[in-house]
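K.L.:
Data: work_8.cif, mmCIF, C-alpha atoms.
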```cif
data_start
loop_
_atom_site.group_PDB
_atom_site.id
_atom_site.type_symbol
_atom_site.label_atom_id
_atom_site.label_comp_id
_atom_site.auth_asym_id
_atom_site.auth_seq_id
_atom_site.Cartn_x
_atom_site.Cartn_y
_atom_site.Cartn_z
ATOM 1 C CA MET A 24 30.696 -36.369 25.525
ATOM 2 C CA ILE A 25 30.430 -33.962 22.575
ATOM 3 C CA PRO A 26 28.692 -35.388 19.494
ATOM 4 C CA ASP A 27 30.751 -35.551 16.315
ATOM 5 C CA TRP A 28 28.424 -33.235 14.419
ATOM 6 C CA MET A 29 29.099 -30.448 16.938
ATOM 7 C CA LYS A 30 32.866 -30.774 16.332
ATOM 8 C CA ASP A 31 32.492 -29.975 12.626
ATOM 9 C CA ILE A 32 33.566 -26.442 11.830
ATOM 10 C CA GLU A 33 32.252 -24.682 8.775
ATOM 11 C CA VAL A 34 35.280 -22.828 7.431
ATOM 12 C CA GLY A 35 33.305 -21.374 4.556
ATOM 13 C CA PRO A 36 31.779 -22.394 1.285
ATOM 14 C CA CYS A 37 33.673 -24.382 -1.279
ATOM 15 C CA PRO A 38 35.157 -22.474 -4.243
ATOM 16 C CA CYS A 39 32.349 -23.609 -6.524
ATOM 17 C CA CYS A 40 29.822 -22.068 -4.136
ATOM 18 C CA SER A 41 31.813 -18.972 -3.191
ATOM 19 C CA VAL A 42 28.985 -16.732 -4.415
ATOM 20 C CA SER A 43 26.730 -17.975 -1.623
ATOM 21 C CA ILE A 44 28.704 -16.042 0.985
ATOM 22 C CA LYS A 45 27.200 -12.879 -0.418
ATOM 23 C CA LYS A 46 23.717 -14.303 -0.569
ATOM 24 C CA LYS A 47 21.175 -12.302 1.371
ATOM 25 C CA ASN A 48 19.255 -13.785 4.252
ATOM 26 C CA TYR A 49 15.750 -13.239 2.916
ATOM 27 C CA VAL A 50 14.048 -14.377 6.116
ATOM 28 C CA THR A 51 15.927 -11.758 8.115
ATOM 29 C CA LYS A 52 15.177 -9.137 5.484
ATOM 30 C CA THR A 53 11.475 -10.038 5.532
ATOM 31 C CA LEU A 54 11.314 -9.773 9.310
ATOM 32 C CA SER A 55 13.138 -6.448 9.146
ATOM 33 C CA ASP A 56 10.580 -5.167 6.644
ATOM 34 C CA ILE A 57 7.776 -6.355 8.934
ATOM 35 C CA VAL A 58 9.269 -4.379 11.810
ATOM 36 C CA LYS A 59 9.553 -1.306 9.570
ATOM 37 C CA PHE A 60 5.896 -1.740 8.576
ATOM 38 C CA ILE A 61 4.854 -1.849 12.230
ATOM 39 C CA GLU A 62 6.966 1.230 12.986
ATOM 40 C CA ALA A 63 5.427 3.097 10.038
ATOM 41 C CA THR A 64 1.961 2.160 11.277
ATOM 42 C CA ILE A 65 2.740 3.450 14.759
ATOM 43 C CA ILE A 66 4.059 6.688 13.244
ATOM 44 C CA SER A 67 0.845 7.017 11.243
ATOM 45 C CA GLU A 68 -1.206 6.612 14.421
ATOM 46 C CA GLY A 69 0.890 9.395 15.927
ATOM 47 C CA PHE A 70 0.054 11.726 13.031
ATOM 48 C CA ALA A 71 -3.668 11.005 13.530
ATOM 49 C CA ARG A 72 -3.450 12.252 17.134
ATOM 50 C CA GLN A 73 -1.789 15.540 16.294
ATOM 51 C CA LYS A 74 -3.680 18.824 16.141
ATOM 52 C CA GLY A 75 -3.624 19.541 12.427
ATOM 53 C CA LEU A 76 -6.108 20.771 9.854
ATOM 54 C CA LEU A 77 -7.467 17.434 8.646
ATOM 55 C CA GLN A 78 -7.310 15.864 12.109
ATOM 56 C CA SER A 79 -9.854 18.402 13.329
ATOM 57 C CA ILE A 80 -12.476 17.472 10.718
ATOM 58 C CA ASP A 81 -15.229 14.980 11.488
ATOM 59 C CA PRO A 82 -14.114 11.517 10.228
ATOM 60 C CA ARG A 83 -17.402 10.960 8.358
ATOM 61 C CA ILE A 84 -17.065 14.276 6.524
ATOM 62 C CA LYS A 85 -13.443 13.497 5.777
ATOM 63 C CA LEU A 86 -14.296 10.042 4.407
ATOM 64 C CA VAL A 87 -17.047 11.306 2.105
ATOM 65 C CA SER A 88 -14.891 14.228 0.961
ATOM 66 C CA MET A 89 -11.904 12.043 0.083
ATOM 67 C CA LEU A 90 -14.092 9.546 -1.761
ATOM 68 C CA ALA A 91 -15.662 12.369 -3.787
ATOM 69 C CA LEU A 92 -12.218 13.787 -4.538
ATOM 70 C CA ILE A 93 -10.908 10.404 -5.719
ATOM 71 C CA VAL A 94 -13.929 9.958 -8.001
ATOM 72 C CA SER A 95 -13.470 13.429 -9.506
ATOM 73 C CA ILE A 96 -9.742 12.809 -10.022
ATOM 74 C CA SER A 97 -10.553 9.568 -11.838
ATOM 75 C CA MET A 98 -12.741 11.569 -14.233
ATOM 76 C CA THR A 99 -10.066 14.222 -14.852
ATOM 77 C CA SER A 100 -7.814 13.810 -17.884
ATOM 78 C CA ASP A 101 -5.856 17.071 -17.978
ATOM 79 C CA TRP A 102 -2.328 16.785 -16.548
ATOM 80 C CA ARG A 103 -2.234 20.429 -15.428
ATOM 81 C CA ILE A 104 -5.325 20.001 -13.266
ATOM 82 C CA LEU A 105 -3.989 16.737 -11.849
ATOM 83 C CA LEU A 106 -0.656 18.364 -11.014
ATOM 84 C CA PHE A 107 -2.462 21.224 -9.280
ATOM 85 C CA VAL A 108 -4.547 18.824 -7.164
ATOM 86 C CA TYR A 109 -1.459 16.787 -6.282
ATOM 87 C CA LEU A 110 0.365 19.913 -5.102
ATOM 88 C CA LEU A 111 -2.756 20.773 -3.131
ATOM 89 C CA THR A 112 -2.499 17.437 -1.283
ATOM 90 C CA LEU A 113 1.060 18.368 -0.292
ATOM 91 C CA VAL A 114 -0.240 21.650 1.117
ATOM 92 C CA PHE A 115 -2.895 19.838 3.163
ATOM 93 C CA ALA A 116 -0.259 17.356 4.367
ATOM 94 C CA TYR A 117 1.863 20.266 5.588
ATOM 95 C CA LEU A 118 -1.114 21.935 7.288
ATOM 96 C CA SER A 119 -1.901 18.594 8.959
ATOM 97 C CA LYS A 120 1.625 18.495 10.441
ATOM 98 C CA ILE A 121 2.749 15.560 8.300
ATOM 99 C CA GLY A 122 6.353 15.509 7.176
ATOM 100 C CA ILE A 123 6.436 16.289 3.448
ATOM 101 C CA LEU A 124 9.299 13.879 2.732
ATOM 102 C CA PHE A 125 7.566 11.138 4.725
ATOM 103 C CA PHE A 126 4.346 11.776 2.817
ATOM 104 C CA ILE A 127 6.034 11.807 -0.598
ATOM 105 C CA LYS A 128 7.930 8.579 0.099
ATOM 106 C CA ARG A 129 4.760 6.953 1.359
ATOM 107 C CA VAL A 130 3.032 7.733 -1.951
ATOM 108 C CA TRP A 131 5.788 7.346 -4.534
ATOM 109 C CA LEU A 132 7.136 4.095 -3.086
ATOM 110 C CA PHE A 133 3.965 2.447 -4.377
ATOM 111 C CA ILE A 134 3.454 4.319 -7.657
ATOM 112 C CA PRO A 135 6.568 3.249 -9.640
ATOM 113 C CA ILE A 136 5.804 -0.429 -9.074
ATOM 114 C CA PHE A 137 2.121 -0.267 -9.940
ATOM 115 C CA ALA A 138 1.939 2.510 -12.513
ATOM 116 C CA GLY A 139 5.245 1.687 -14.190
ATOM 117 C CA VAL A 140 4.205 -1.819 -15.181
ATOM 118 C CA ILE A 141 0.881 -0.626 -16.574
ATOM 119 C CA MET A 142 1.988 2.516 -18.363
ATOM 120 C CA LEU A 143 5.196 1.149 -19.917
ATOM 121 C CA PRO A 144 3.544 -0.461 -22.992
ATOM 122 C CA MET A 145 1.542 2.670 -23.825
ATOM 123 C CA LEU A 146 4.747 4.623 -24.429
ATOM 124 C CA PHE A 147 5.605 2.687 -27.595
ATOM 125 C CA ASN A 148 3.971 2.865 -31.015
ATOM 126 C CA VAL A 149 3.925 -0.932 -31.134
ATOM 127 C CA PHE A 150 0.891 -0.898 -28.857
ATOM 128 C CA TYR A 151 -0.448 2.661 -29.280
ATOM 129 C CA PRO A 152 0.231 4.325 -32.651
ATOM 130 C CA GLY A 153 1.052 8.016 -32.560
ATOM 131 C CA THR A 154 3.488 10.763 -33.466
ATOM 132 C CA PRO A 155 7.079 9.611 -32.810
ATOM 133 C CA LEU A 156 8.850 11.510 -30.033
ATOM 134 C CA ILE A 157 12.025 9.429 -29.676
ATOM 135 C CA THR A 158 12.938 6.798 -32.291
ATOM 136 C CA LEU A 159 14.507 3.731 -30.703
ATOM 137 C CA VAL A 160 14.892 1.128 -33.477
ATOM 138 C CA THR A 161 14.439 1.199 -37.258
ATOM 139 C CA LEU A 162 13.145 -2.163 -38.495
ATOM 140 C CA GLY A 163 12.228 -1.354 -42.063
ATOM 141 C CA HIS A 164 9.128 -2.119 -44.039
ATOM 142 C CA GLY A 165 7.325 -5.429 -43.491
ATOM 143 C CA ALA A 166 8.835 -6.309 -40.094
ATOM 144 C CA MET A 167 7.072 -9.181 -38.333
ATOM 145 C CA LEU A 168 7.046 -10.686 -34.870
ATOM 146 C CA GLY A 169 5.477 -14.066 -35.427
ATOM 147 C CA PRO A 170 2.006 -13.410 -36.845
ATOM 148 C CA PHE A 171 2.076 -9.736 -35.740
ATOM 149 C CA HIS A 172 3.049 -6.820 -37.993
ATOM 150 C CA LEU A 173 5.494 -4.318 -36.547
ATOM 151 C CA PRO A 174 5.844 -0.640 -37.533
ATOM 152 C CA ASP A 175 8.790 0.487 -39.620
ATOM 153 C CA THR A 176 10.316 2.165 -36.566
ATOM 154 C CA ILE A 177 9.815 1.494 -32.879
ATOM 155 C CA ALA A 178 9.514 4.810 -31.084
ATOM 156 C CA ILE A 179 8.147 6.498 -27.986
ATOM 157 C CA THR A 180 5.120 8.494 -29.073
ATOM 158 C CA VAL A 181 3.892 11.908 -28.003
ATOM 159 C CA GLN A 182 0.392 10.557 -27.305
ATOM 160 C CA GLY A 183 1.770 7.628 -25.292
ATOM 161 C CA THR A 184 3.979 9.896 -23.189
ATOM 162 C CA LYS A 185 1.056 12.225 -22.500
ATOM 163 C CA ASN A 186 -1.191 9.333 -21.488
ATOM 164 C CA ALA A 187 1.539 7.914 -19.254
ATOM 165 C CA ILE A 188 2.000 11.266 -17.497
ATOM 166 C CA VAL A 189 -1.757 11.657 -16.999
ATOM 167 C CA PHE A 190 -2.062 8.110 -15.672
ATOM 168 C CA THR A 191 0.864 8.525 -13.263
ATOM 169 C CA LEU A 192 -0.417 11.853 -11.941
ATOM 170 C CA ARG A 193 -3.903 10.435 -11.566
ATOM 171 C CA VAL A 194 -2.638 7.469 -9.545
ATOM 172 C CA ALA A 195 -0.336 9.702 -7.475
ATOM 173 C CA THR A 196 -3.147 12.121 -6.633
ATOM 174 C CA CYS A 197 -5.638 9.382 -5.753
ATOM 175 C CA VAL A 198 -3.090 7.601 -3.571
ATOM 176 C CA SER A 199 -2.148 10.913 -1.915
ATOM 177 C CA ALA A 200 -5.792 11.571 -1.037
ATOM 178 C CA ALA A 201 -6.184 8.053 0.365
ATOM 179 C CA VAL A 202 -2.952 8.326 2.370
ATOM 180 C CA LEU A 203 -4.098 11.675 3.793
ATOM 181 C CA LEU A 204 -7.328 10.022 4.920
ATOM 182 C CA PHE A 205 -5.583 7.090 6.615
ATOM 183 C CA ILE A 206 -2.767 9.088 8.202
ATOM 184 C CA THR A 207 -4.982 11.819 9.677
ATOM 185 C CA THR A 208 -7.736 9.493 10.986
ATOM 186 C CA ARG A 209 -7.518 6.934 13.763
ATOM 187 C CA LEU A 210 -8.304 3.501 12.403
ATOM 188 C CA ASP A 211 -11.090 2.803 14.902
ATOM 189 C CA LEU A 212 -12.795 6.076 13.955
ATOM 190 C CA LEU A 213 -12.304 5.320 10.261
ATOM 191 C CA PHE A 214 -13.985 1.937 10.667
ATOM 192 C CA LYS A 215 -16.867 3.562 12.533
ATOM 193 C CA SER A 216 -17.147 6.116 9.723
ATOM 194 C CA LEU A 217 -17.469 3.303 7.204
ATOM 195 C CA ARG A 218 -20.393 1.928 9.185
ATOM 196 C CA SER A 219 -22.021 5.359 9.369
ATOM 197 C CA VAL A 220 -22.020 5.721 5.564
ATOM 198 C CA GLY A 221 -23.698 2.347 5.049
ATOM 199 C CA VAL A 222 -20.841 -0.146 4.578
ATOM 200 C CA PRO A 223 -22.069 -3.585 5.818
ATOM 201 C CA LYS A 224 -20.824 -4.330 9.299
ATOM 202 C CA VAL A 225 -19.464 -7.759 8.323
ATOM 203 C CA TYR A 226 -16.936 -6.113 5.991
ATOM 204 C CA VAL A 227 -15.974 -3.431 8.480
ATOM 205 C CA PHE A 228 -15.619 -5.962 11.287
ATOM 206 C CA THR A 229 -13.470 -8.272 9.129
ATOM 207 C CA ILE A 230 -11.122 -5.444 8.159
ATOM 208 C CA ASP A 231 -10.954 -4.256 11.758
ATOM 209 C CA MET A 232 -10.036 -7.685 13.122
ATOM 210 C CA CYS A 233 -7.477 -8.298 10.369
ATOM 211 C CA TYR A 234 -5.802 -5.005 11.144
ATOM 212 C CA ARG A 235 -5.711 -5.666 14.876
ATOM 213 C CA TYR A 236 -4.353 -9.214 14.749
ATOM 214 C CA ILE A 237 -1.900 -8.867 11.889
ATOM 215 C CA PHE A 238 0.509 -7.392 14.441
ATOM 216 C CA VAL A 239 -0.029 -10.322 16.786
ATOM 217 C CA PHE A 240 0.848 -12.847 14.107
ATOM 218 C CA THR A 241 3.809 -10.908 12.761
ATOM 219 C CA ASP A 242 5.174 -10.909 16.309
ATOM 220 C CA LEU A 243 4.506 -14.666 16.491
ATOM 221 C CA ILE A 244 6.372 -15.296 13.229
ATOM 222 C CA SER A 245 9.283 -13.177 14.436
ATOM 223 C CA ALA A 246 9.390 -15.224 17.646
ATOM 224 C CA PHE A 247 9.496 -18.453 15.594
ATOM 225 C CA TYR A 248 12.515 -17.310 13.647
ATOM 226 C CA THR A 249 14.322 -15.841 16.669
ATOM 227 C CA ALA A 250 13.852 -19.080 18.618
ATOM 228 C CA LYS A 251 15.146 -21.165 15.709
ATOM 229 C CA LYS A 252 18.133 -18.913 15.104
ATOM 230 C CA SER A 253 19.111 -18.903 18.775
ATOM 231 C CA ARG A 254 19.126 -22.724 18.806
ATOM 232 C CA SER A 255 20.898 -23.257 15.479
ATOM 233 C CA ILE A 256 24.577 -24.216 15.513
ATOM 234 C CA LYS A 257 25.118 -24.599 11.784
ATOM 235 C CA THR A 258 23.179 -24.006 8.615
ATOM 236 C CA LEU A 259 20.793 -26.783 7.637
ATOM 237 C CA PRO A 260 20.381 -28.038 4.059
ATOM 238 C CA LEU A 261 17.916 -26.134 1.912
ATOM 239 C CA ILE A 262 15.331 -28.937 1.957
ATOM 240 C CA GLU A 263 15.369 -28.947 5.765
ATOM 241 C CA GLU A 264 14.925 -25.178 5.887
ATOM 242 C CA GLN A 265 11.976 -25.453 3.506
ATOM 243 C CA LYS A 266 10.426 -28.164 5.682
ATOM 244 C CA TRP A 267 10.795 -25.909 8.719
ATOM 245 C CA VAL A 268 9.144 -22.982 6.926
ATOM 246 C CA GLY A 269 6.291 -25.215 5.738
ATOM 247 C CA GLY A 270 5.791 -26.502 9.257
ATOM 248 C CA ARG A 271 5.661 -22.974 10.684
ATOM 249 C CA ILE A 272 3.117 -21.978 8.043
ATOM 250 C CA GLY A 273 0.881 -24.878 9.026
ATOM 251 C CA TYR A 274 1.282 -24.132 12.715
ATOM 252 C CA THR A 275 0.469 -20.458 12.159
ATOM 253 C CA LEU A 276 -2.726 -21.452 10.351
ATOM 254 C CA ILE A 277 -3.753 -23.736 13.210
ATOM 255 C CA LYS A 278 -2.816 -21.063 15.737
ATOM 256 C CA SER A 279 -4.881 -18.428 13.918
ATOM 257 C CA MET A 280 -7.958 -20.690 13.802
ATOM 258 C CA ASP A 281 -7.620 -21.532 17.490
ATOM 259 C CA MET A 282 -7.093 -17.883 18.443
ATOM 260 C CA GLY A 283 -10.062 -16.833 16.293
ATOM 261 C CA GLU A 284 -12.360 -19.227 18.164
ATOM 262 C CA LYS A 285 -11.077 -18.099 21.551
ATOM 263 C CA VAL A 286 -11.352 -14.400 20.728
ATOM 264 C CA HIS A 287 -14.858 -14.846 19.319
ATOM 265 C CA GLY A 288 -15.944 -16.765 22.418
ATOM 266 C CA ALA A 289 -14.490 -14.078 24.676
ATOM 267 C CA MET A 290 -16.295 -11.366 22.712
ATOM 268 C CA VAL A 291 -19.635 -13.184 22.787
ATOM 269 C CA SER A 292 -19.330 -13.701 26.536
ATOM 270 C CA ARG A 293 -18.929 -9.941 26.886
ATOM 271 C CA GLY A 294 -22.038 -9.053 24.899
ATOM 272 C CA PHE A 295 -20.792 -8.990 21.286
ATOM 273 C CA ASP A 296 -23.735 -8.957 18.871
ATOM 274 C CA GLY A 297 -21.949 -8.661 15.538
ATOM 275 C CA ASP A 298 -21.273 -4.931 15.650
ATOM 276 C CA VAL A 299 -18.306 -3.063 17.098
ATOM 277 C CA LYS A 300 -19.095 -0.372 19.647
ATOM 278 C CA ILE A 301 -16.683 2.564 19.884
ATOM 279 C CA MET A 302 -16.828 4.989 22.777
ATOM 280 C CA ASP A 303 -16.099 8.087 20.649
ATOM 281 C CA ASP A 304 -19.195 9.865 19.333
ATOM 282 C CA PHE A 305 -19.233 11.940 16.171
ATOM 283 C CA HIS A 306 -20.346 15.553 16.416
ATOM 284 C CA ALA A 307 -20.346 17.382 13.093
ATOM 285 C CA ARG A 308 -19.896 21.130 13.452
ATOM 286 C CA ARG A 309 -20.585 23.992 11.081
ATOM 287 C CA ARG A 310 -16.969 23.994 9.862
ATOM 288 C CA ASP A 311 -17.309 20.309 8.944
ATOM 289 C CA TYR A 312 -20.327 20.975 6.747
ATOM 290 C CA VAL A 313 -18.544 23.949 5.186
ATOM 291 C CA ALA A 314 -15.587 21.692 4.417
ATOM 292 C CA LEU A 315 -17.866 19.073 2.851
ATOM 293 C CA VAL A 316 -19.660 21.592 0.640
ATOM 294 C CA SER A 317 -16.342 23.149 -0.375
ATOM 295 C CA VAL A 318 -14.843 19.805 -1.381
ATOM 296 C CA LEU A 319 -17.940 18.760 -3.335
ATOM 297 C CA ALA A 320 -17.965 22.101 -5.162
ATOM 298 C CA PHE A 321 -14.253 21.744 -5.873
ATOM 299 C CA CYS A 322 -14.842 18.265 -7.309
ATOM 300 C CA LEU A 323 -17.568 19.550 -9.627
ATOM 301 C CA ILE A 324 -15.269 22.357 -10.802
ATOM 302 C CA LEU A 325 -12.517 19.814 -11.513
ATOM 303 C CA ILE A 326 -14.807 17.697 -13.665
ATOM 304 C CA ALA A 327 -16.196 20.741 -15.518
ATOM 305 C CA LEU A 328 -12.724 22.153 -16.238
ATOM 306 C CA SER A 329 -11.451 18.778 -17.398
ATOM 307 C CA HIS A 330 -14.221 18.451 -19.972
ATOM 308 C CA GLN A 331 -13.896 22.040 -21.188
ATOM 309 C CA ILE A 332 -10.130 21.984 -21.747
#
```
Using structure tokens, write down the structure that the file contains.

P.N.:
Amino acid sequence: MIPDWMKDIEVGPCPCCSVSIKKKNYVTKTLSDIVKFIEATIISEGFARQKGLLQSIDPRIKLVSMLALIVSISMTSDWRILLFVYLLTLVFAYLSKIGILFFIKRVWLFIPIFAGVIMLPMLFNVFYPGTPLITLVTLGHGAMLGPFHLPDTIAITVQGTKNAIVFTLRVATCVSAAVLLFITTRLDLLFKSLRSVGVPKVYVFTIDMCYRYIFVFTDLISAFYTAKKSRSIKTLPLIEEQKWVGGRIGYTLIKSMDMGEKVHGAMVSRGFDGDVKIMDDFHARRRDYVALVSVLAFCLILIALSHQI
């Protein structure tokens, strides 16, 4: 005997809701993005195992060098120097056998979202007075926006444009250096390098465990949705879908706490004492020390040139 609700056929949305047929399935899109993130991570691990220039440098030397470079870039305010350093990161990416397009997309996918929101106000003379470059609106004398006085004309200023370019290049170069570090270094060796330079082991261990088990829980969430979709005959009301999502969130939290206790117990039973032991040993060679001294000298030259120009 077939229940009545299974005999109902959804022929499509009513005319008043015809726009919903084009509505995106955001759950599916989110899971697709999660899969892409996992694939990108696997690709990054593959780059770290290749025989390139940066891959051959001791991870500790590489970590200290990149940190020094990021600090020196943060203290540089000349756009020509920043552009030169950014192009230099592209050269090192090529010498490390990293696809240039992959590297550029990895960096600039993040920059427009972060830098664009911050640098947008500094372009206009409403926030930062300066020499007009492009006049947008003429308001006239005495224009007000509530209690705030507005300039006679709203324009993009020369000073604001220059500051925006410097800020964007600075962020792009710093992110490029960080991406080079992560792509060319295995994550376990990077975590061990953090411990070797004095980062407290509780922070390193927390980051390490989060990185390892984020893939486990993304796979669990994907399994939740796949199981639900394979057992669904028709679309449920929005409130029911929200209840299901809330229930899965609560179950995932309980599952993570239970798994955390089990994993910790298994680690303790195998001799875990609060520190992670990695089989690989670091052996700094003469070329590693030469690379470190060269990078530190380069950073000092960057800062000196920036203050002289």

K.L.:
Please evaluate the PyMOL selection byres ((chain A and resi 87) around 12) against the displayed coordinates and give the resulting residues as a PyMOL selection string.

P.N.:
chain A and resi 80-86+88-94+200-201+204+213+216-217+219-221+311-312+314-316+318-319+322

K.L.:
Write the residues you've just listed into a file as a PDB file, keeping the file's coordinate frame, and include C-alpha atoms for each of them.

P.N.:
```
ATOM      1  CA  ILE A  80     -12.476  17.472  10.718  1.00  0.00           C
ATOM      2  CA  ASP A  81     -15.229  14.980  11.488  1.00  0.00           C
ATOM      3  CA  PRO A  82     -14.114  11.517  10.228  1.00  0.00           C
ATOM      4  CA  ARG A  83     -17.402  10.960   8.358  1.00  0.00           C
ATOM      5  CA  ILE A  84     -17.065  14.276   6.524  1.00  0.00           C
ATOM      6  CA  LYS A  85     -13.443  13.497   5.777  1.00  0.00           C
ATOM      7  CA  LEU A  86     -14.296  10.042   4.407  1.00  0.00           C
ATOM      8  CA  SER A  88     -14.891  14.228   0.961  1.00  0.00           C
ATOM      9  CA  MET A  89     -11.904  12.043   0.083  1.00  0.00           C
ATOM     10  CA  LEU A  90     -14.092   9.546  -1.761  1.00  0.00           C
ATOM     11  CA  ALA A  91     -15.662  12.369  -3.787  1.00  0.00           C
ATOM     12  CA  LEU A  92     -12.218  13.787  -4.538  1.00  0.00           C
ATOM     13  CA  ILE A  93     -10.908  10.404  -5.719  1.00  0.00           C
ATOM     14  CA  VAL A  94     -13.929   9.958  -8.001  1.00  0.00           C
ATOM     15  CA  ALA A 200      -5.792  11.571  -1.037  1.00  0.00           C
ATOM     16  CA  ALA A 201      -6.184   8.053   0.365  1.00  0.00           C
ATOM     17  CA  LEU A 204      -7.328  10.022   4.920  1.00  0.00           C
ATOM     18  CA  LEU A 213     -12.304   5.320  10.261  1.00  0.00           C
ATOM     19  CA  SER A 216     -17.147   6.116   9.723  1.00  0.00           C
ATOM     20  CA  LEU A 217     -17.469   3.303   7.204  1.00  0.00           C
ATOM     21  CA  SER A 219     -22.021   5.359   9.369  1.00  0.00           C
ATOM     22  CA  VAL A 220     -22.020   5.721   5.564  1.00  0.00           C
ATOM     23  CA  GLY A 221     -23.698   2.347   5.049  1.00  0.00           C
ATOM     24  CA  ASP A 311     -17.309  20.309   8.944  1.00  0.00           C
ATOM     25  CA  TYR A 312     -20.327  20.975   6.747  1.00  0.00           C
ATOM     26  CA  ALA A 314     -15.587  21.692   4.417  1.00  0.00           C
ATOM     27  CA  LEU A 315     -17.866  19.073   2.851  1.00  0.00           C
ATOM     28  CA  VAL A 316     -19.660  21.592   0.640  1.00  0.00           C
ATOM     29  CA  VAL A 318     -14.843  19.805  -1.381  1.00  0.00           C
ATOM     30  CA  LEU A 319     -17.940  18.760  -3.335  1.00  0.00           C
ATOM     31  CA  CYS A 322     -14.842  18.265  -7.309  1.00  0.00           C
TER      32      CYS A 322
END
```

K.L.:
If the box runs along x, y and z of the file and leaves 4 Å on each side of range 225-241 of chain A, what are its centre and edge lengths in Å, one decimal, as AutoDock Vina command-line options?

P.N.:
```
--center_x -7.8 --center_y -8.1 --center_z 11.4 --size_x 31.3 --size_y 17.4 --size_z 18.8
```

K.L.:
Under the rule that only C-alpha atoms are counted, which of A:Phe238, A:Phe133, A:Phe295, A:Phe147 is the nearest residue to Ala187 in chain A?

P.N.:
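Once distances to Ala187 in chain A are computed over only C-alpha atoms, the minimum belongs to A:Phe147.
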
K.L.:
Residues proximal to (-18.4, 7.2, 15.9) were defined as those with any atom within 7 Å of that point in the file's coordinates, counting all atoms listed in the file. Which are they, as an MDAnalysis selection string?

P.N.:
chainID A and resid 212 215:216 301 303:305

K.L.:
Got a sec to resolve the PyMOL selection byres ((chain A and resi 99) around 8) on this structure and send the residues as a PDB file with C-alpha atoms, in the frame of the given file?

P.N.:
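And here's out-v8.pdb as it stands now:
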```pdb
ATOM      1  CA  SER A  95     -13.470  13.429  -9.506  1.00  0.00           C
ATOM      2  CA  ILE A  96      -9.742  12.809 -10.022  1.00  0.00           C
ATOM      3  CA  SER A  97     -10.553   9.568 -11.838  1.00  0.00           C
ATOM      4  CA  MET A  98     -12.741  11.569 -14.233  1.00  0.00           C
ATOM      5  CA  SER A 100      -7.814  13.810 -17.884  1.00  0.00           C
ATOM      6  CA  ASP A 101      -5.856  17.071 -17.978  1.00  0.00           C
ATOM      7  CA  ILE A 104      -5.325  20.001 -13.266  1.00  0.00           C
ATOM      8  CA  LEU A 105      -3.989  16.737 -11.849  1.00  0.00           C
ATOM      9  CA  ARG A 193      -3.903  10.435 -11.566  1.00  0.00           C
ATOM     10  CA  LEU A 325     -12.517  19.814 -11.513  1.00  0.00           C
ATOM     11  CA  ILE A 326     -14.807  17.697 -13.665  1.00  0.00           C
ATOM     12  CA  SER A 329     -11.451  18.778 -17.398  1.00  0.00           C
ATOM     13  CA  HIS A 330     -14.221  18.451 -19.972  1.00  0.00           C
TER      14      HIS A 330
END
```

K.L.:
Please identify all polymer residues within 9 Å of Ala178 in chain A, counting all atoms listed in the file, omitting same-chain residues fewer than 5 positions from it, and present them as a list of chain:residue names.

P.N.:
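Final neighbour list, sorted by chain and number: A:Leu146, A:Phe147, A:Asn148, A:Val149, A:Thr154, A:Pro155, A:Leu156, A:Ile157, A:Thr158, A:Leu159, A:Val160, A:Thr161.
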
K.L.:
To one decimal in Å, tell me the separation between CA of Ala307 in chain A and CA of Leu77 in chain A.

P.N.:
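Rounded to one decimal, the two atoms are 13.6 Å apart.
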
K.L.:
Between CA of Glu263 in chain A and CA of Met280 in chain A, what is the distance, to one decimal in Å?

P.N.:
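Atom-to-atom, CA of Glu263 in chain A and CA of Met280 in chain A are spaced 26.0 Å apart.
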
K.L.:
Rounded to one decimal in Å, what is the spacing between CA of Leu162 in chain A and CA of Thr176 in chain A?

P.N.:
5.5 Å

K.L.:
May I ask which of the residues A:Ile177, A:Leu192, A:Val225, A:Leu132 is the closest one to Leu110 in chain A, counting all atoms listed in the file?

P.N.:
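Looking only at the distances to Leu110 in chain A, the closest residue turns out to be A:Leu192.
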
K.L.:
With distances taken over all atoms listed in the file, which residue among A:Ile256, A:Val114, A:Ala320, A:Ile179 lies nearest Phe150 in chain A?

P.N.:
A:Ile179

K.L.:
Please determine, counting all atoms listed in the file, which residue among A:Lys300, A:Ser119, A:Pro144, A:Phe321 has the shortest atom-to-atom distance to Thr207 in chain A.

P.N.:
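Checking each of A:Lys300, A:Ser119, A:Pro144, A:Phe321 against Thr207 in chain A, counting all atoms listed in the file, the winner is A:Ser119.
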
K.L.:
With only C-alpha atoms as the basis for distance, which of A:Leu259, A:Met282, A:Leu203, A:Leu323 is at the shortest distance from Gly122 in chain A?

P.N.:
A:Leu203
